[in-house]
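File shown here: start15.cif, holding mmCIF, N, CA and C atoms.
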```cif
data_my_file
loop_
_atom_site.label_atom_id
_atom_site.label_comp_id
_atom_site.auth_asym_id
_atom_site.auth_seq_id
_atom_site.Cartn_x
_atom_site.Cartn_y
_atom_site.Cartn_z
N GLN A 1389 116.26 97.66 106.63
CA GLN A 1389 116.87 97.22 105.38
C GLN A 1389 117.61 98.38 104.73
N VAL A 1390 118.83 98.14 104.34
CA VAL A 1390 119.66 99.18 103.75
C VAL A 1390 119.46 99.19 102.24
N GLN A 1391 119.25 100.38 101.72
CA GLN A 1391 119.16 100.56 100.28
C GLN A 1391 119.98 101.75 99.85
N LEU A 1392 120.71 101.58 98.77
CA LEU A 1392 121.43 102.68 98.12
C LEU A 1392 120.89 102.79 96.71
N VAL A 1393 120.44 103.97 96.36
CA VAL A 1393 119.80 104.16 95.05
C VAL A 1393 120.52 105.28 94.31
N GLU A 1394 121.18 104.91 93.19
CA GLU A 1394 121.88 105.89 92.38
C GLU A 1394 120.94 106.52 91.36
N SER A 1395 121.29 107.73 90.96
CA SER A 1395 120.60 108.41 89.88
C SER A 1395 121.56 109.40 89.25
N GLY A 1396 121.20 109.90 88.08
CA GLY A 1396 121.98 110.94 87.45
C GLY A 1396 122.84 110.51 86.29
N GLY A 1397 122.87 109.22 86.01
CA GLY A 1397 123.65 108.77 84.86
C GLY A 1397 123.00 109.20 83.55
N GLY A 1398 123.71 108.99 82.46
CA GLY A 1398 123.17 109.35 81.16
C GLY A 1398 124.24 109.35 80.11
N SER A 1399 123.91 109.93 78.97
CA SER A 1399 124.83 110.01 77.84
C SER A 1399 125.21 111.46 77.60
N VAL A 1400 126.50 111.71 77.49
CA VAL A 1400 127.00 113.06 77.23
C VAL A 1400 128.14 112.97 76.23
N GLN A 1401 128.44 114.10 75.64
CA GLN A 1401 129.60 114.18 74.77
C GLN A 1401 130.85 114.47 75.58
N ALA A 1402 131.98 114.11 75.03
CA ALA A 1402 133.25 114.37 75.70
C ALA A 1402 133.35 115.85 76.05
N GLY A 1403 133.86 116.10 77.25
CA GLY A 1403 133.95 117.47 77.75
C GLY A 1403 132.76 117.89 78.58
N GLY A 1404 131.70 117.09 78.54
CA GLY A 1404 130.50 117.42 79.29
C GLY A 1404 130.59 117.04 80.75
N SER A 1405 129.48 117.25 81.45
CA SER A 1405 129.42 117.02 82.89
C SER A 1405 128.17 116.22 83.25
N LEU A 1406 128.30 115.48 84.33
CA LEU A 1406 127.17 114.79 84.93
C LEU A 1406 127.34 114.81 86.44
N ARG A 1407 126.24 114.75 87.14
CA ARG A 1407 126.27 114.65 88.59
C ARG A 1407 125.49 113.42 89.02
N LEU A 1408 126.18 112.50 89.64
CA LEU A 1408 125.54 111.31 90.16
C LEU A 1408 125.15 111.52 91.61
N SER A 1409 124.02 110.92 91.99
CA SER A 1409 123.57 110.97 93.38
C SER A 1409 123.33 109.55 93.88
N CYS A 1410 123.49 109.38 95.17
CA CYS A 1410 123.25 108.07 95.78
C CYS A 1410 122.53 108.31 97.11
N ALA A 1411 121.24 108.03 97.11
CA ALA A 1411 120.43 108.24 98.31
C ALA A 1411 120.40 106.96 99.13
N ALA A 1412 120.66 107.10 100.42
CA ALA A 1412 120.70 105.95 101.32
C ALA A 1412 119.47 105.92 102.22
N SER A 1413 118.97 104.74 102.43
CA SER A 1413 117.92 104.53 103.43
C SER A 1413 118.32 103.34 104.29
N GLY A 1414 117.99 103.42 105.56
CA GLY A 1414 118.34 102.34 106.48
C GLY A 1414 119.75 102.43 107.02
N VAL A 1415 120.46 103.48 106.64
CA VAL A 1415 121.84 103.65 107.10
C VAL A 1415 122.17 105.13 106.96
N THR A 1416 123.03 105.60 107.84
CA THR A 1416 123.56 106.95 107.68
C THR A 1416 125.00 106.84 107.21
N TYR A 1417 125.49 107.88 106.60
CA TYR A 1417 126.85 107.84 106.10
C TYR A 1417 127.89 108.18 107.17
N ARG A 1418 127.44 108.57 108.35
CA ARG A 1418 128.37 108.89 109.41
C ARG A 1418 129.06 107.61 109.88
N GLY A 1419 130.38 107.68 110.00
CA GLY A 1419 131.12 106.51 110.46
C GLY A 1419 131.24 105.41 109.42
N TYR A 1420 131.10 105.78 108.16
CA TYR A 1420 131.18 104.82 107.07
C TYR A 1420 132.25 105.26 106.08
N CYS A 1421 132.86 104.29 105.43
CA CYS A 1421 133.51 104.52 104.15
C CYS A 1421 132.40 104.62 103.11
N VAL A 1422 132.45 105.61 102.26
CA VAL A 1422 131.51 105.67 101.14
C VAL A 1422 132.31 105.94 99.88
N GLY A 1423 131.87 105.37 98.79
CA GLY A 1423 132.65 105.56 97.58
C GLY A 1423 131.85 105.32 96.32
N TRP A 1424 132.45 105.75 95.23
CA TRP A 1424 131.94 105.49 93.89
C TRP A 1424 132.93 104.56 93.19
N PHE A 1425 132.38 103.55 92.57
CA PHE A 1425 133.16 102.57 91.82
C PHE A 1425 132.57 102.48 90.42
N ARG A 1426 133.38 102.02 89.48
CA ARG A 1426 132.85 101.87 88.12
C ARG A 1426 133.40 100.60 87.49
N GLN A 1427 132.62 100.12 86.54
CA GLN A 1427 133.04 98.94 85.80
C GLN A 1427 132.64 99.11 84.34
N ALA A 1428 133.65 99.10 83.48
CA ALA A 1428 133.42 99.19 82.05
C ALA A 1428 133.31 97.78 81.49
N PRO A 1429 132.64 97.60 80.35
CA PRO A 1429 132.52 96.27 79.74
C PRO A 1429 133.88 95.62 79.53
N GLY A 1430 134.01 94.40 80.00
CA GLY A 1430 135.24 93.65 79.81
C GLY A 1430 136.37 94.04 80.75
N LYS A 1431 136.09 94.93 81.69
CA LYS A 1431 137.13 95.36 82.63
C LYS A 1431 136.69 95.09 84.06
N GLY A 1432 137.66 95.11 84.95
CA GLY A 1432 137.37 94.92 86.35
C GLY A 1432 136.83 96.19 86.99
N ARG A 1433 136.27 96.04 88.15
CA ARG A 1433 135.75 97.19 88.88
C ARG A 1433 136.91 98.01 89.44
N GLU A 1434 136.77 99.31 89.40
CA GLU A 1434 137.81 100.18 89.95
C GLU A 1434 137.18 101.25 90.84
N GLY A 1435 137.93 101.62 91.86
CA GLY A 1435 137.50 102.70 92.72
C GLY A 1435 137.73 104.03 92.02
N VAL A 1436 136.76 104.90 92.06
CA VAL A 1436 136.83 106.21 91.41
C VAL A 1436 137.11 107.29 92.45
N ALA A 1437 136.34 107.32 93.50
CA ALA A 1437 136.48 108.33 94.54
C ALA A 1437 135.85 107.81 95.82
N ALA A 1438 136.37 108.24 96.93
CA ALA A 1438 135.86 107.76 98.21
C ALA A 1438 136.00 108.84 99.27
N ILE A 1439 135.15 108.74 100.27
CA ILE A 1439 135.25 109.57 101.47
C ILE A 1439 135.44 108.62 102.63
N ASP A 1440 136.49 108.83 103.39
CA ASP A 1440 136.75 107.91 104.48
C ASP A 1440 135.94 108.30 105.71
N SER A 1441 136.08 107.53 106.75
CA SER A 1441 135.24 107.70 107.94
C SER A 1441 135.47 109.04 108.62
N ALA A 1442 136.62 109.66 108.38
CA ALA A 1442 136.91 110.97 108.97
C ALA A 1442 136.48 112.11 108.05
N GLY A 1443 136.00 111.76 106.87
CA GLY A 1443 135.53 112.79 105.96
C GLY A 1443 136.53 113.24 104.91
N SER A 1444 137.68 112.59 104.85
CA SER A 1444 138.68 112.95 103.84
C SER A 1444 138.38 112.25 102.52
N THR A 1445 138.73 112.93 101.43
CA THR A 1445 138.43 112.38 100.10
C THR A 1445 139.69 111.80 99.46
N THR A 1446 139.48 110.81 98.63
CA THR A 1446 140.55 110.17 97.88
C THR A 1446 140.04 109.89 96.48
N TYR A 1447 140.91 110.07 95.49
CA TYR A 1447 140.51 109.91 94.10
C TYR A 1447 141.48 109.00 93.36
N ALA A 1448 140.94 108.29 92.38
CA ALA A 1448 141.80 107.59 91.45
C ALA A 1448 142.56 108.62 90.61
N ASP A 1449 143.78 108.29 90.23
CA ASP A 1449 144.59 109.22 89.45
C ASP A 1449 143.88 109.63 88.16
N SER A 1450 143.13 108.73 87.59
CA SER A 1450 142.50 108.98 86.29
C SER A 1450 141.40 110.03 86.35
N VAL A 1451 140.91 110.36 87.54
CA VAL A 1451 139.82 111.31 87.65
C VAL A 1451 140.18 112.55 88.47
N LYS A 1452 141.38 112.58 89.02
CA LYS A 1452 141.78 113.72 89.84
C LYS A 1452 141.69 115.01 89.04
N GLY A 1453 141.12 116.02 89.66
CA GLY A 1453 140.97 117.31 89.00
C GLY A 1453 139.73 117.42 88.14
N ARG A 1454 139.06 116.30 87.89
CA ARG A 1454 137.85 116.32 87.06
C ARG A 1454 136.61 115.92 87.86
N PHE A 1455 136.76 115.00 88.78
CA PHE A 1455 135.62 114.51 89.57
C PHE A 1455 135.72 115.03 91.00
N THR A 1456 134.56 115.25 91.61
CA THR A 1456 134.49 115.67 93.00
C THR A 1456 133.44 114.84 93.72
N ILE A 1457 133.86 114.20 94.80
CA ILE A 1457 132.93 113.42 95.63
C ILE A 1457 132.55 114.26 96.84
N SER A 1458 131.29 114.17 97.22
CA SER A 1458 130.82 114.90 98.40
C SER A 1458 129.64 114.14 98.99
N LYS A 1459 129.30 114.49 100.20
CA LYS A 1459 128.13 113.87 100.82
C LYS A 1459 127.40 114.88 101.68
N ASP A 1460 126.11 114.68 101.77
CA ASP A 1460 125.25 115.50 102.61
C ASP A 1460 124.71 114.57 103.69
N ASN A 1461 125.27 114.67 104.87
CA ASN A 1461 124.86 113.75 105.94
C ASN A 1461 123.40 113.96 106.33
N ALA A 1462 122.93 115.18 106.27
CA ALA A 1462 121.54 115.45 106.65
C ALA A 1462 120.57 114.77 105.69
N LYS A 1463 120.96 114.67 104.43
CA LYS A 1463 120.11 114.05 103.43
C LYS A 1463 120.48 112.59 103.17
N ASN A 1464 121.54 112.12 103.83
CA ASN A 1464 122.03 110.76 103.57
C ASN A 1464 122.25 110.52 102.09
N THR A 1465 122.86 111.49 101.45
CA THR A 1465 123.06 111.40 100.01
C THR A 1465 124.53 111.63 99.66
N LEU A 1466 125.03 110.80 98.79
CA LEU A 1466 126.39 110.89 98.29
C LEU A 1466 126.34 111.39 96.85
N TYR A 1467 127.30 112.21 96.49
CA TYR A 1467 127.32 112.79 95.15
C TYR A 1467 128.66 112.53 94.46
N LEU A 1468 128.62 112.54 93.15
CA LEU A 1468 129.84 112.54 92.35
C LEU A 1468 129.64 113.52 91.20
N GLN A 1469 130.30 114.64 91.30
CA GLN A 1469 130.29 115.62 90.21
C GLN A 1469 131.39 115.25 89.23
N MET A 1470 131.01 115.03 88.00
CA MET A 1470 131.97 114.61 86.98
C MET A 1470 132.04 115.67 85.89
N ASN A 1471 133.17 116.30 85.75
CA ASN A 1471 133.40 117.32 84.73
C ASN A 1471 134.45 116.84 83.73
N SER A 1472 134.50 117.52 82.61
CA SER A 1472 135.49 117.19 81.57
C SER A 1472 135.50 115.69 81.27
N LEU A 1473 134.33 115.15 81.08
CA LEU A 1473 134.22 113.71 80.87
C LEU A 1473 134.90 113.27 79.59
N LYS A 1474 135.46 112.07 79.64
CA LYS A 1474 136.17 111.47 78.52
C LYS A 1474 135.50 110.16 78.13
N PRO A 1475 135.67 109.73 76.89
CA PRO A 1475 135.08 108.44 76.49
C PRO A 1475 135.51 107.29 77.40
N GLU A 1476 136.72 107.36 77.93
CA GLU A 1476 137.19 106.28 78.81
C GLU A 1476 136.51 106.29 80.18
N ASP A 1477 135.70 107.29 80.45
CA ASP A 1477 134.90 107.30 81.69
C ASP A 1477 133.62 106.49 81.53
N THR A 1478 133.34 106.04 80.33
CA THR A 1478 132.13 105.25 80.09
C THR A 1478 132.16 103.96 80.91
N ALA A 1479 131.13 103.77 81.70
CA ALA A 1479 131.07 102.61 82.59
C ALA A 1479 129.75 102.62 83.35
N MET A 1480 129.50 101.52 84.04
CA MET A 1480 128.43 101.50 85.03
C MET A 1480 129.04 102.00 86.33
N TYR A 1481 128.40 102.97 86.94
CA TYR A 1481 128.89 103.55 88.18
C TYR A 1481 128.03 103.08 89.34
N TYR A 1482 128.71 102.67 90.41
CA TYR A 1482 128.04 102.16 91.60
C TYR A 1482 128.48 102.97 92.82
N CYS A 1483 127.53 103.23 93.70
CA CYS A 1483 127.91 103.77 95.00
C CYS A 1483 127.91 102.62 96.00
N ALA A 1484 128.69 102.78 97.04
CA ALA A 1484 128.83 101.73 98.03
C ALA A 1484 129.16 102.35 99.38
N ALA A 1485 128.83 101.61 100.43
CA ALA A 1485 129.08 102.08 101.78
C ALA A 1485 129.50 100.90 102.66
N HIS A 1486 130.41 101.19 103.56
CA HIS A 1486 130.89 100.14 104.46
C HIS A 1486 131.10 100.74 105.85
N PRO A 1487 130.54 100.11 106.88
CA PRO A 1487 130.67 100.66 108.23
C PRO A 1487 132.06 100.45 108.80
N GLY A 1488 132.49 101.40 109.60
CA GLY A 1488 133.77 101.26 110.27
C GLY A 1488 134.70 102.40 109.96
N TRP A 1489 135.80 102.44 110.68
CA TRP A 1489 136.75 103.54 110.58
C TRP A 1489 137.97 103.11 109.78
N TYR A 1490 138.01 103.60 108.54
CA TYR A 1490 139.08 103.26 107.61
C TYR A 1490 139.61 104.51 106.95
N GLY A 1491 140.84 104.45 106.51
CA GLY A 1491 141.43 105.59 105.82
C GLY A 1491 141.07 105.61 104.35
N GLY A 1492 141.49 106.68 103.71
CA GLY A 1492 141.11 106.90 102.32
C GLY A 1492 141.60 105.83 101.37
N SER A 1493 142.82 105.38 101.55
CA SER A 1493 143.37 104.36 100.66
C SER A 1493 142.55 103.08 100.73
N TRP A 1494 142.20 102.67 101.91
CA TRP A 1494 141.37 101.47 102.08
C TRP A 1494 140.01 101.68 101.44
N CYS A 1495 139.41 102.81 101.69
CA CYS A 1495 138.06 103.07 101.18
C CYS A 1495 138.03 103.05 99.66
N LEU A 1496 139.10 103.51 99.01
CA LEU A 1496 139.11 103.57 97.56
C LEU A 1496 139.44 102.23 96.92
N SER A 1497 140.29 101.47 97.58
CA SER A 1497 140.82 100.27 96.93
C SER A 1497 140.14 98.96 97.33
N ARG A 1498 139.38 98.98 98.41
CA ARG A 1498 138.85 97.71 98.92
C ARG A 1498 137.35 97.55 98.63
N GLY A 1499 137.02 97.76 97.38
CA GLY A 1499 135.61 97.64 97.00
C GLY A 1499 135.02 96.29 97.34
N SER A 1500 135.83 95.24 97.24
CA SER A 1500 135.32 93.89 97.50
C SER A 1500 134.89 93.71 98.94
N GLU A 1501 135.33 94.60 99.82
CA GLU A 1501 134.99 94.49 101.24
C GLU A 1501 133.71 95.23 101.61
N TYR A 1502 133.23 96.07 100.69
CA TYR A 1502 132.08 96.91 101.02
C TYR A 1502 130.82 96.07 101.25
N ARG A 1503 130.07 96.48 102.25
CA ARG A 1503 128.88 95.71 102.62
C ARG A 1503 127.66 96.08 101.78
N TYR A 1504 127.50 97.37 101.47
CA TYR A 1504 126.28 97.82 100.82
C TYR A 1504 126.58 98.42 99.46
N TRP A 1505 125.77 98.06 98.47
CA TRP A 1505 125.95 98.53 97.11
C TRP A 1505 124.63 98.99 96.51
N GLY A 1506 124.72 99.99 95.66
CA GLY A 1506 123.59 100.38 94.85
C GLY A 1506 123.49 99.52 93.61
N GLN A 1507 122.47 99.78 92.82
CA GLN A 1507 122.20 98.96 91.65
C GLN A 1507 122.98 99.42 90.42
N GLY A 1508 123.54 100.60 90.49
CA GLY A 1508 124.36 101.11 89.39
C GLY A 1508 123.59 102.07 88.50
N THR A 1509 124.33 102.99 87.90
CA THR A 1509 123.77 103.91 86.92
C THR A 1509 124.78 104.04 85.77
N GLN A 1510 124.29 103.99 84.55
CA GLN A 1510 125.17 103.96 83.39
C GLN A 1510 125.59 105.36 82.99
N VAL A 1511 126.87 105.52 82.74
CA VAL A 1511 127.42 106.76 82.20
C VAL A 1511 128.08 106.42 80.86
N THR A 1512 127.66 107.12 79.82
CA THR A 1512 128.21 106.90 78.49
C THR A 1512 128.71 108.22 77.94
N VAL A 1513 129.97 108.28 77.58
CA VAL A 1513 130.59 109.48 77.05
C VAL A 1513 131.02 109.22 75.61
N SER A 1514 130.50 110.00 74.69
CA SER A 1514 130.82 109.83 73.28
C SER A 1514 131.85 110.88 72.84
N SER A 1515 132.65 110.48 71.88
CA SER A 1515 133.70 111.39 71.41
C SER A 1515 133.19 112.30 70.30
#
```
Using structure tokens, write down the structure that the file contains.
Amino acid sequence: QVQLVESGGGSVQAGGSLRLSCAASGVTYRGYCVGWFRQAPGKGREGVAAIDSAGSTTYADSVKGRFTISKDNAKNTLYLQMNSLKPEDTAMYYCAAHPGWYGGSWCLSRGSEYRYWGQGTQVTVSS
């Protein structure tokens, strides 16, 4: 059984930092698209950052230069380092994984295709 478990969310002031983690069991991240997605109240889900099957990273324009996605294959853990947080980053953040060989654009934009999802962790940024 595959499980993705996020942690690290919380409340911070604008300009602060948070590090999200996503621990996987029942699956390894090798040969997978893995990504972070977020959904704010009243808005649709959007891709934030992704690592494609070859290990390349892709970011949404809104977070480039502020967020960094990484993964530790030995620990089966995905991370999202979020710096210079803004109130508009407030959302529920989800990690997701999908098996197969896809490029970065697909991994970031095709959240609806992902097979495995975590339960989400809330990030709240106050001004």
List every residue of region 1447-1498 of chain A that has an atom at most 7 Å from any atom of region 1395-1407 of chain A, and for each one report the closest atom pair and its distance in Å to one decimal, counting only C-alpha atoms, with rows sorted by chain and then by increasing residue number, as JSON lines.
```
{"residue": "A:Tyr1467", "atom": "CA", "partner": "A:Arg1407", "partner_atom": "CA", "distance": 6.9}
{"residue": "A:Leu1468", "atom": "CA", "partner": "A:Arg1407", "partner_atom": "CA", "distance": 5.6}
{"residue": "A:Gln1469", "atom": "CA", "partner": "A:Arg1407", "partner_atom": "CA", "distance": 4.4}
{"residue": "A:Met1470", "atom": "CA", "partner": "A:Leu1406", "partner_atom": "CA", "distance": 5.2}
{"residue": "A:Asn1471", "atom": "CA", "partner": "A:Ser1405", "partner_atom": "CA", "distance": 4.4}
{"residue": "A:Ser1472", "atom": "CA", "partner": "A:Gly1403", "partner_atom": "CA", "distance": 4.1}
{"residue": "A:Leu1473", "atom": "CA", "partner": "A:Gly1403", "partner_atom": "CA", "distance": 4.9}
{"residue": "A:Lys1474", "atom": "CA", "partner": "A:Ala1402", "partner_atom": "CA", "distance": 5.0}
{"residue": "A:Pro1475", "atom": "CA", "partner": "A:Ala1402", "partner_atom": "CA", "distance": 6.3}
```
### Query
Pick from A:Lys1431, A:Glu1394, A:Lys1452, A:Asn1464: nearest to Ala1412 (chain A), with all atoms listed in the file counted?
A:Asn1464
### Task
Just give me the gap between atom C of Gly1443 (chain A) and CA of Tyr1504 (chain A) in Å, one decimal is fine.
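Between these atoms lies a distance of 19.0 Å.
Using only C-alpha atoms, the smallest distance between any of A:Ser1515, A:Ser1458, A:Ser1444, A:Ser1409 and Cys1483 (chain A) comes from A:Ser1409.
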### Query
Using the chain letters and numbers from this document, which residues of chain A does DSSP assign to strand (DSSP E or B), as a ChimeraX atom specification?
/A:1391-1395,1398-1401,1406-1413,1420-1427,1434-1439,1445-1447,1455-1460,1465-1470,1479-1487,1504-1505,1509-1514
With 5 Å as the cut-off and all atoms listed in the file counted, what is the closest atom pair between each nearby residue of region 1463-1492 of chain A and region 1420-1430 of chain A? Distances in Å to one decimal, ordered by chain and number, as JSON lines.
```
{"residue": "A:Ala1479", "atom": "CA", "partner": "A:Ala1428", "partner_atom": "CA", "distance": 4.2}
{"residue": "A:Met1480", "atom": "N", "partner": "A:Gln1427", "partner_atom": "C", "distance": 4.0}
{"residue": "A:Tyr1481", "atom": "CA", "partner": "A:Arg1426", "partner_atom": "CA", "distance": 4.3}
{"residue": "A:Tyr1482", "atom": "N", "partner": "A:Phe1425", "partner_atom": "C", "distance": 3.9}
{"residue": "A:Cys1483", "atom": "CA", "partner": "A:Gly1423", "partner_atom": "C", "distance": 4.4}
{"residue": "A:Ala1484", "atom": "C", "partner": "A:Gly1423", "partner_atom": "N", "distance": 4.1}
{"residue": "A:Ala1485", "atom": "CA", "partner": "A:Val1422", "partner_atom": "CA", "distance": 4.4}
{"residue": "A:His1486", "atom": "C", "partner": "A:Cys1421", "partner_atom": "N", "distance": 4.0}
{"residue": "A:Pro1487", "atom": "CA", "partner": "A:Tyr1420", "partner_atom": "CA", "distance": 4.3}
{"residue": "A:Gly1488", "atom": "N", "partner": "A:Tyr1420", "partner_atom": "CA", "distance": 4.5}
```
### Query
Taking (139.9, 102.9, 94.1) in the file's coordinates, which residues come within 9 Å, counting only C-alpha atoms, written as a PyMOL selection string?
chain A and resi 1423-1425+1433-1438+1446-1448+1493-1499
### Task
Would you work out the distance separating CA of Val1513 (chain A) from atom N of Leu1392 (chain A), expressed in Å to one decimal?
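Separation of CA of Val1513 (chain A) and atom N of Leu1392 (chain A): 25.1 Å.
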### Query
Hey, which of A:Glu1476, A:Asp1460, A:Asp1440, A:Asp1449 ends up closest to Tyr1490 (chain A)? Count only C-alpha atoms.
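The closest residue to Tyr1490 (chain A) is A:Asp1440.
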